[in-house]
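Structure below is entry-v8.json: JSON, C-alpha atoms.
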[["chain", "number", "residue", "atom", "x", "y", "z"],
["D", 1055, "MET", "CA", 55.11, -22.20, 31.20],
["D", 1056, "LYS", "CA", 53.18, -24.02, 28.49],
["D", 1057, "ASN", "CA", 54.29, -21.58, 25.81],
["D", 1058, "SER", "CA", 57.95, -21.81, 26.73],
["D", 1059, "PHE", "CA", 57.81, -25.59, 26.80],
["D", 1060, "SER", "CA", 56.15, -25.76, 23.38],
["D", 1061, "LEU", "CA", 58.70, -23.27, 22.02],
["D", 1062, "LEU", "CA", 61.56, -25.42, 23.36],
["D", 1063, "ILE", "CA", 60.12, -28.57, 21.78],
["D", 1064, "THR", "CA", 59.61, -26.71, 18.50],
["D", 1065, "LEU", "CA", 63.23, -25.55, 18.47],
["D", 1066, "ILE", "CA", 64.50, -29.03, 19.24],
["D", 1067, "LEU", "CA", 62.40, -30.57, 16.47],
["D", 1068, "ILE", "CA", 63.50, -27.93, 13.94],
["D", 1069, "THR", "CA", 67.14, -28.57, 14.87],
["D", 1070, "ILE", "CA", 66.77, -32.34, 14.52],
["D", 1071, "PHE", "CA", 65.00, -32.08, 11.16],
["D", 1072, "SER", "CA", 67.56, -29.59, 9.86],
["D", 1073, "PHE", "CA", 70.40, -31.99, 10.76],
["D", 1074, "PHE", "CA", 68.62, -34.80, 8.92],
["D", 1075, "THR", "CA", 68.04, -32.53, 5.92],
["D", 1076, "ILE", "CA", 71.71, -31.53, 5.79],
["D", 1077, "PHE", "CA", 72.75, -35.19, 6.05],
["D", 1078, "ILE", "CA", 70.44, -36.19, 3.17],
["D", 1079, "ILE", "CA", 71.67, -33.33, 0.96],
["D", 1080, "GLN", "CA", 75.33, -34.23, 1.62],
["D", 1081, "THR", "CA", 74.66, -37.86, 0.78],
["D", 1082, "LYS", "CA", 72.95, -36.92, -2.51],
["D", 1083, "SER", "CA", 75.79, -34.55, -3.39],
["D", 1084, "LEU", "CA", 78.40, -37.23, -2.70],
["D", 1085, "SER", "CA", 76.54, -39.78, -4.84],
["D", 1086, "ILE", "CA", 76.37, -37.28, -7.73],
["D", 1087, "LEU", "CA", 80.12, -36.63, -7.40],
["D", 1088, "ASN", "CA", 80.85, -40.38, -7.41],
["D", 1089, "LEU", "CA", 78.67, -40.82, -10.49],
["D", 1090, "SER", "CA", 80.51, -38.07, -12.38],
["D", 1091, "ASN", "CA", 83.90, -39.58, -11.38],
["D", 1092, "SER", "CA", 82.76, -42.98, -12.59],
["D", 1093, "TYR", "CA", 81.55, -41.50, -15.89],
["D", 1094, "LEU", "CA", 84.87, -39.69, -16.43],
["D", 1095, "GLN", "CA", 86.87, -42.85, -15.69],
["D", 1096, "THR", "CA", 84.72, -44.90, -18.08],
["D", 1097, "GLN", "CA", 85.17, -42.35, -20.84],
["D", 1098, "THR", "CA", 88.94, -42.24, -20.25],
["D", 1099, "LYS", "CA", 89.09, -46.04, -20.40],
["D", 1100, "LEU", "CA", 87.23, -45.98, -23.73],
["D", 1101, "HIS", "CA", 89.71, -43.42, -25.09],
["D", 1102, "LEU", "CA", 92.60, -45.58, -23.87],
["D", 1103, "ASP", "CA", 91.16, -48.67, -25.57],
["D", 1104, "PHE", "CA", 90.68, -46.79, -28.83],
["D", 1105, "PHE", "CA", 94.25, -45.46, -28.69],
["D", 1106, "LYS", "CA", 95.56, -48.98, -27.98],
["D", 1107, "LYS", "CA", 93.71, -50.38, -31.01],
["D", 1108, "TYR", "CA", 95.06, -47.54, -33.14],
["D", 1109, "ILE", "CA", 98.65, -48.18, -32.04],
["D", 1110, "ASN", "CA", 98.27, -51.92, -32.65],
["D", 1111, "SER", "CA", 97.11, -51.17, -36.19],
["D", 1112, "LEU", "CA", 100.28, -49.15, -36.95],
["D", 1113, "ASP", "CA", 103.39, -50.72, -38.41],
["D", 1114, "LEU", "CA", 105.83, -49.48, -35.80],
["D", 1115, "LYS", "CA", 108.90, -51.01, -37.41],
["D", 1116, "THR", "CA", 108.63, -49.20, -40.73],
["D", 1117, "THR", "CA", 107.46, -45.88, -39.30],
["D", 1118, "CYS", "CA", 110.02, -45.94, -36.46],
["D", 1119, "LEU", "CA", 107.77, -44.02, -34.06],
["D", 1120, "HIS", "CA", 109.00, -43.21, -30.57],
["D", 1121, "ASP", "CA", 106.31, -40.84, -29.30],
["D", 1122, "LEU", "CA", 102.70, -40.47, -30.28],
["D", 1123, "SER", "CA", 100.23, -38.11, -28.66],
["D", 1124, "PHE", "CA", 96.76, -36.67, -29.10],
["D", 1125, "SER", "CA", 95.24, -33.80, -27.16],
["D", 1126, "ASP", "CA", 91.74, -32.54, -26.68],
["D", 1127, "ASP", "CA", 90.11, -30.06, -24.30],
["D", 1128, "ILE", "CA", 89.59, -32.77, -21.70],
["D", 1129, "TYR", "CA", 91.58, -35.82, -22.83],
["D", 1130, "LYS", "CA", 95.32, -36.19, -23.42],
["D", 1131, "LEU", "CA", 96.64, -39.44, -24.84],
["D", 1132, "ASN", "CA", 100.34, -40.19, -25.00],
["D", 1133, "ALA", "CA", 102.27, -43.28, -26.09],
["D", 1134, "ASN", "CA", 105.99, -43.89, -25.55],
["D", 1135, "VAL", "CA", 107.44, -46.57, -27.79],
["D", 1136, "SER", "CA", 110.78, -48.10, -26.86],
["D", 1137, "PHE", "CA", 112.58, -50.69, -28.96],
["D", 1138, "GLU", "CA", 114.72, -53.38, -27.40],
["D", 1139, "LEU", "CA", 117.50, -52.91, -29.95],
["D", 1140, "SER", "CA", 116.62, -50.22, -32.48],
["D", 1141, "CYS", "CA", 113.85, -49.68, -34.98],
["D", 1142, "GLU", "CA", 116.15, -50.41, -37.95],
["D", 1143, "SER", "CA", 117.33, -53.74, -36.54],
["D", 1144, "GLN", "CA", 116.35, -56.84, -38.51],
["D", 1145, "LEU", "CA", 116.73, -59.13, -35.48],
["D", 1146, "HIS", "CA", 113.93, -60.51, -33.36],
["D", 1147, "GLN", "CA", 113.09, -57.94, -30.70],
["D", 1148, "ASN", "CA", 110.43, -56.73, -28.30],
["D", 1149, "ILE", "CA", 108.75, -53.34, -28.37],
["D", 1150, "THR", "CA", 107.47, -51.84, -25.13],
["D", 1151, "ILE", "CA", 104.59, -49.39, -25.55],
["D", 1152, "ASP", "CA", 103.52, -47.30, -22.56],
["D", 1153, "ILE", "CA", 100.12, -45.69, -23.09],
["D", 1154, "PHE", "CA", 99.01, -42.85, -20.82],
["D", 1155, "ALA", "CA", 95.51, -41.39, -20.77],
["D", 1156, "ASN", "CA", 94.68, -38.26, -18.81],
["D", 1157, "ALA", "CA", 91.26, -36.66, -18.42],
["D", 1158, "LYS", "CA", 90.98, -33.38, -16.59],
["D", 1159, "THR", "CA", 87.88, -31.34, -15.85],
["D", 1160, "LEU", "CA", 87.34, -28.47, -13.45],
["D", 1161, "ASN", "CA", 86.63, -30.75, -10.50],
["D", 1162, "ASN", "CA", 88.13, -34.12, -11.40],
["D", 1163, "GLU", "CA", 91.23, -35.68, -12.89],
["D", 1164, "VAL", "CA", 91.69, -39.28, -14.04],
["D", 1165, "ASN", "CA", 95.02, -40.83, -15.08],
["D", 1166, "LEU", "CA", 95.27, -44.29, -16.63],
["D", 1167, "HIS", "CA", 98.32, -46.25, -17.80],
["D", 1168, "GLU", "CA", 98.72, -49.43, -19.78],
["D", 1169, "ARG", "CA", 101.85, -51.23, -20.95],
["D", 1170, "ILE", "CA", 101.94, -53.39, -24.07],
["D", 1171, "ILE", "CA", 104.84, -55.60, -25.10],
["D", 1172, "LYS", "CA", 104.86, -56.64, -28.76],
["D", 1173, "GLN", "CA", 107.24, -59.05, -30.45],
["D", 1174, "LEU", "CA", 108.65, -58.20, -33.85],
["D", 1175, "ASN", "CA", 110.15, -60.73, -36.19]]
For this file, produce the structure as structure tokens.
Amino acid sequence: MKNSFSLLITLILITIFSFFTIFIIQTKSLSILNLSNSYLQTQTKLHLDFFKKYINSLDLKTTCLHDLSFSDDIYKLNANVSFELSCESQLHQNITIDIFANAKTLNNEVNLHERIIKQLN
């Protein structure tokens, strides 16, 4: 009777500790996944900011750009430029620039969008 009771207690303890071990491993795995998602989003935001500075440095009226895009293995940057009137117009107008940033890895995908409205004289 003593041996069976000690065997039962041993099995119960092993089961309890294995559940705790699985819980701890899942928590660590989830925190690593969240950290990699956060890193990818931060990198995509940095690419978006760089692309926004680059577009602001361009003279959109003389170049008459409508689409601008860059691609990499992971990152894809795209800008759609729309003029209120037309790019050749000499009147005061607004330009709407939609900037899209996409980062895609094997496990994660991040999409960011920003809209800029510039005034031309």
> To one decimal place, how far is CA of Tyr1093 in chain D from CA of Ile1079 in chain D in Å?
Replying inline: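 Separation between CA of Tyr1093 in chain D and CA of Ile1079 in chain D: 21.2 Å.
Computed from the coordinates, the CA of Phe1124 in chain D to CA of Gln1147 in chain D distance equals 26.9 Å.
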>> Just to confirm, what's the straight-line distance from CA of Tyr1108 in chain D to CA of Ser1125 in chain D in Å (one decimal)?
In response: 15.0 Å
>> Counting all atoms listed in the file, which residue out of D:Leu1119, D:Leu1062, D:Ile1128, D:Ile1076 sits closest to Ser1140 in chain D?
In response: D:Leu1119
Taking every listed atom of range 1155-1161 of chain D and adding 8 Å to each side, what centre and edge lengths in Å (one decimal) does the axis-aligned box have, as AutoDock Vina command-line options?
--center_x 91.1 --center_y -34.9 --center_z -15.6 --size_x 24.9 --size_y 28.9 --size_z 26.3
List every residue of range 1061-1151 of chain D that has an atom at most 9 Å from any atom of range 1160-1169 of chain D, giving for each one its closest atom pair and the distance in Å to one decimal, counting only C-alpha atoms, sorted by chain and then by ascending residue number, as CSV.
residue,atom,partner,partner_atom,distance
D:Ser1090,CA,D:Asn1162,CA,8.6
D:Asn1091,CA,D:Asn1162,CA,6.9
D:Leu1094,CA,D:Val1164,CA,7.2
D:Gln1095,CA,D:Val1164,CA,6.2
D:Thr1098,CA,D:Val1164,CA,7.4
D:Lys1099,CA,D:Leu1166,CA,7.4
D:Leu1102,CA,D:Leu1166,CA,7.8
D:Lys1106,CA,D:Glu1168,CA,8.8
D:Thr1150,CA,D:Arg1169,CA,7.0
D:Ile1151,CA,D:Arg1169,CA,5.7
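With all atoms listed in the file as the basis for measurement, D:Phe1154 is the residue among D:Phe1077, D:Phe1154, D:Phe1059, D:Phe1104 that approaches Asp1121 in chain D most closely.
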N, CA and C atoms are what I want for range 1088-1116 of chain D; can you complete it accordingly and write them as a CSV table (one decimal), in the coordinates of the input?
chain,number,residue,atom,x,y,z
D,1088,ASN,N,80.4,-39.0,-7.1
D,1088,ASN,CA,80.8,-40.4,-7.4
D,1088,ASN,C,80.4,-40.8,-8.8
D,1089,LEU,N,79.2,-40.5,-9.2
D,1089,LEU,CA,78.7,-40.8,-10.5
D,1089,LEU,C,79.4,-40.1,-11.6
D,1090,SER,N,79.8,-38.8,-11.4
D,1090,SER,CA,80.5,-38.1,-12.4
D,1090,SER,C,82.0,-38.6,-12.5
D,1091,ASN,N,82.6,-39.0,-11.3
D,1091,ASN,CA,83.9,-39.6,-11.4
D,1091,ASN,C,83.9,-40.9,-12.1
D,1092,SER,N,82.9,-41.7,-11.9
D,1092,SER,CA,82.8,-43.0,-12.6
D,1092,SER,C,82.6,-42.8,-14.1
D,1093,TYR,N,81.8,-41.8,-14.5
D,1093,TYR,CA,81.6,-41.5,-15.9
D,1093,TYR,C,82.9,-41.0,-16.5
D,1094,LEU,N,83.6,-40.2,-15.9
D,1094,LEU,CA,84.9,-39.7,-16.4
D,1094,LEU,C,85.9,-40.8,-16.6
D,1095,GLN,N,85.9,-41.7,-15.6
D,1095,GLN,CA,86.9,-42.8,-15.7
D,1095,GLN,C,86.5,-43.8,-16.8
D,1096,THR,N,85.2,-44.0,-17.0
D,1096,THR,CA,84.7,-44.9,-18.1
D,1096,THR,C,85.1,-44.3,-19.4
D,1097,GLN,N,84.8,-43.0,-19.6
D,1097,GLN,CA,85.2,-42.4,-20.8
D,1097,GLN,C,86.7,-42.4,-21.1
D,1098,THR,N,87.5,-42.2,-20.1
D,1098,THR,CA,88.9,-42.2,-20.2
D,1098,THR,C,89.4,-43.6,-20.6
D,1099,LYS,N,88.8,-44.7,-20.1
D,1099,LYS,CA,89.1,-46.0,-20.4
D,1099,LYS,C,88.7,-46.3,-21.9
D,1100,LEU,N,87.6,-45.8,-22.3
D,1100,LEU,CA,87.2,-46.0,-23.7
D,1100,LEU,C,88.2,-45.3,-24.7
D,1101,HIS,N,88.7,-44.1,-24.3
D,1101,HIS,CA,89.7,-43.4,-25.1
D,1101,HIS,C,91.0,-44.2,-25.1
D,1102,LEU,N,91.4,-44.8,-24.0
D,1102,LEU,CA,92.6,-45.6,-23.9
D,1102,LEU,C,92.5,-46.8,-24.8
D,1103,ASP,N,91.3,-47.5,-24.7
D,1103,ASP,CA,91.2,-48.7,-25.6
D,1103,ASP,C,91.2,-48.3,-27.1
D,1104,PHE,N,90.6,-47.2,-27.4
D,1104,PHE,CA,90.7,-46.8,-28.8
D,1104,PHE,C,92.1,-46.5,-29.2
D,1105,PHE,N,92.9,-45.8,-28.4
D,1105,PHE,CA,94.2,-45.5,-28.7
D,1105,PHE,C,95.1,-46.7,-28.8
D,1106,LYS,N,94.8,-47.7,-27.9
D,1106,LYS,CA,95.6,-49.0,-28.0
D,1106,LYS,C,95.3,-49.7,-29.3
D,1107,LYS,N,94.0,-49.7,-29.7
D,1107,LYS,CA,93.7,-50.4,-31.0
D,1107,LYS,C,94.4,-49.6,-32.2
D,1108,TYR,N,94.4,-48.3,-32.1
D,1108,TYR,CA,95.1,-47.5,-33.1
D,1108,TYR,C,96.6,-47.8,-33.2
D,1109,ILE,N,97.2,-47.9,-32.1
D,1109,ILE,CA,98.6,-48.2,-32.0
D,1109,ILE,C,98.9,-49.6,-32.5
D,1110,ASN,N,98.1,-50.5,-32.2
D,1110,ASN,CA,98.3,-51.9,-32.6
D,1110,ASN,C,98.1,-52.0,-34.2
D,1111,SER,N,97.3,-51.1,-34.7
D,1111,SER,CA,97.1,-51.2,-36.2
D,1111,SER,C,98.3,-50.5,-36.9
D,1112,LEU,N,99.1,-49.8,-36.3
D,1112,LEU,CA,100.3,-49.2,-37.0
D,1112,LEU,C,101.4,-50.2,-37.1
D,1113,ASP,N,102.2,-49.9,-38.2
D,1113,ASP,CA,103.4,-50.7,-38.4
D,1113,ASP,C,104.5,-49.9,-37.8
D,1114,LEU,N,104.9,-50.3,-36.6
D,1114,LEU,CA,105.8,-49.5,-35.8
D,1114,LEU,C,107.3,-49.7,-36.3
D,1115,LYS,N,107.5,-50.8,-36.9
D,1115,LYS,CA,108.9,-51.0,-37.4
D,1115,LYS,C,109.2,-50.1,-38.6
D,1116,THR,N,108.3,-50.0,-39.5
D,1116,THR,CA,108.6,-49.2,-40.7
D,1116,THR,C,108.5,-47.7,-40.5
